[in-house]
Amino acid sequence: MIFETRDEAELRAHLRRLREARIDGSMIRIDTLCGRLVQPTAYLLSRFVADPACESDSEHADH
């Protein structure tokens with residue numbers, strides 16, 4: 001996870017900064033946790049990371 005907020009405007013501002021920094025948008029995951037009446041809604045930004053097991057499999061595929 002790279003960012004968490006309860007403010008949707010703050011989420012949008014952070015996403016704008018990521019785009020300005022030329023971060024690949026396809027590598028960003030946005031989760032919205034709906035709190036309903038018990039807790040406020042939270043927005044989470046995460047970055048996808050390659051599975052190291054898949055990378056090691058591909059390194060050994062030709063051996």
# chains A, B, ... in the order shown; residues from 1 in each chain; ligands from 1

$ residues_around --residues "Ser46 of chain A" --least-positions-apart "2" --cutoff "6 Å" --atoms "only C-alpha atoms" --output "compact mmCIF listing (two decimals) with C-alpha atoms, in the first residue's frame"
# COMPACT_ATOMS: atom_id res chain seq x y z
CA MET A 1 0.00 0.00 0.00
CA ILE A 2 1.32 3.42 -0.91
CA ILE A 28 -1.96 1.15 -9.41
CA ARG A 29 -4.82 -0.51 -7.57

$ select_by_dssp --residues "chain A" --states "helix (DSSP H, G or I)" --output "short mmCIF file (atom, residue, chain, number, x, y, z; two decimals) with N, CA, C and O atoms, in the first residue's frame"
data_model
loop_
_atom_site.label_atom_id
_atom_site.label_comp_id
_atom_site.auth_asym_id
_atom_site.auth_seq_id
_atom_site.Cartn_x
_atom_site.Cartn_y
_atom_site.Cartn_z
N GLU A 8 -11.98 11.85 -0.49
CA GLU A 8 -11.94 11.53 -1.91
C GLU A 8 -11.16 12.57 -2.71
O GLU A 8 -10.43 12.24 -3.65
N ALA A 9 -11.26 13.85 -2.33
CA ALA A 9 -10.50 14.90 -3.02
C ALA A 9 -9.00 14.69 -2.84
O ALA A 9 -8.21 14.90 -3.76
N GLU A 10 -8.59 14.26 -1.65
CA GLU A 10 -7.18 13.98 -1.39
C GLU A 10 -6.71 12.79 -2.23
O GLU A 10 -5.59 12.79 -2.75
N LEU A 11 -7.56 11.80 -2.39
CA LEU A 11 -7.25 10.64 -3.24
C LEU A 11 -7.00 11.11 -4.68
O LEU A 11 -6.00 10.74 -5.30
N ARG A 12 -7.90 11.92 -5.20
CA ARG A 12 -7.76 12.42 -6.57
C ARG A 12 -6.50 13.26 -6.74
O ARG A 12 -5.80 13.14 -7.76
N ALA A 13 -6.17 14.07 -5.75
CA ALA A 13 -4.95 14.87 -5.82
C ALA A 13 -3.71 13.98 -5.84
O ALA A 13 -2.76 14.22 -6.59
N HIS A 14 -3.72 12.92 -5.04
CA HIS A 14 -2.58 12.00 -5.02
C HIS A 14 -2.44 11.27 -6.35
O HIS A 14 -1.33 11.12 -6.87
N LEU A 15 -3.56 10.85 -6.92
CA LEU A 15 -3.53 10.19 -8.23
C LEU A 15 -2.99 11.15 -9.29
O LEU A 15 -2.22 10.74 -10.17
N ARG A 16 -3.38 12.41 -9.23
CA ARG A 16 -2.88 13.41 -10.18
C ARG A 16 -1.36 13.55 -10.06
O ARG A 16 -0.64 13.61 -11.05
N ARG A 17 -0.85 13.57 -8.82
CA ARG A 17 0.61 13.67 -8.61
C ARG A 17 1.32 12.44 -9.18
O ARG A 17 2.40 12.55 -9.76
N LEU A 18 0.72 11.27 -9.02
CA LEU A 18 1.32 10.05 -9.58
C LEU A 18 1.39 10.13 -11.10
O LEU A 18 2.40 9.76 -11.71
N ARG A 19 0.31 10.62 -11.72
CA ARG A 19 0.30 10.77 -13.19
C ARG A 19 1.36 11.78 -13.63
O ARG A 19 2.06 11.56 -14.62
N GLU A 20 1.49 12.87 -12.89
CA GLU A 20 2.50 13.89 -13.22
C GLU A 20 3.90 13.32 -13.09
O GLU A 20 4.81 13.73 -13.81
N GLY A 25 -0.13 3.94 -14.65
CA GLY A 25 -1.43 3.80 -14.02
C GLY A 25 -1.94 2.37 -13.97
O GLY A 25 -2.74 2.02 -13.10
N SER A 26 -1.49 1.53 -14.89
CA SER A 26 -1.94 0.14 -14.89
C SER A 26 -1.35 -0.64 -13.71
O SER A 26 -1.79 -1.75 -13.42
N MET A 27 -0.37 -0.07 -13.04
CA MET A 27 0.26 -0.73 -11.90
C MET A 27 -0.34 -0.27 -10.57
O MET A 27 0.11 -0.70 -9.51
N PRO A 52 7.49 -12.85 -7.20
CA PRO A 52 8.86 -13.37 -7.34
C PRO A 52 8.89 -14.84 -7.73
O PRO A 52 9.80 -15.29 -8.41
N ALA A 53 7.88 -15.61 -7.34
CA ALA A 53 7.85 -17.03 -7.72
C ALA A 53 7.72 -17.18 -9.23
O ALA A 53 8.35 -18.05 -9.83
N CYS A 54 6.92 -16.32 -9.87
CA CYS A 54 6.77 -16.38 -11.32
C CYS A 54 8.07 -16.00 -12.01
O CYS A 54 8.44 -16.58 -13.02
N GLU A 55 8.75 -15.00 -11.48
CA GLU A 55 10.01 -14.57 -12.09
C GLU A 55 11.06 -15.66 -11.98
O GLU A 55 11.78 -15.93 -12.93
N SER A 56 11.13 -16.33 -10.84
CA SER A 56 12.14 -17.38 -10.70
C SER A 56 11.80 -18.58 -11.58
O SER A 56 12.69 -19.24 -12.09
N ASP A 57 10.50 -18.86 -11.78
CA ASP A 57 10.09 -19.95 -12.69
C ASP A 57 10.54 -19.65 -14.12
O ASP A 57 11.02 -20.51 -14.82
N SER A 58 10.36 -18.40 -14.56
CA SER A 58 10.72 -18.05 -15.92
C SER A 58 12.23 -18.07 -16.12
O SER A 58 12.71 -18.35 -17.21
N GLU A 59 12.98 -17.79 -15.06
CA GLU A 59 14.44 -17.82 -15.17
C GLU A 59 14.94 -19.24 -15.37
O GLU A 59 15.93 -19.48 -16.04
#

$ select_by_dssp --residues "chain A" --states "strand (DSSP E or B)" --output "count of residues only"
15

$ atom_distance --atom1 "atom CA of Tyr43 of chain A" --atom2 "atom CA of Asp31 of chain A"
5.8 Å

$ residues_around --residues "Leu33 of chain A" --least-positions-apart "3" --cutoff "10 Å" --atoms "only C-alpha atoms" --output "MDAnalysis selection string"
chainID A and resid 6 30 36 39:44

$ write_last_selection --atoms "C-alpha atoms" --output "CSV table (one decimal), in the first residue's frame"
chain,number,residue,atom,x,y,z
A,6,ARG,CA,-10.8,9.1,3.9
A,30,ILE,CA,-7.6,1.6,-6.0
A,36,ARG,CA,-21.4,2.5,6.0
A,39,GLN,CA,-16.9,3.7,10.1
A,40,PRO,CA,-16.2,6.3,7.4
A,41,THR,CA,-15.3,5.2,3.9
A,42,ALA,CA,-11.5,4.8,3.3
A,43,TYR,CA,-9.6,4.9,0.0
A,44,LEU,CA,-6.5,2.8,-0.5
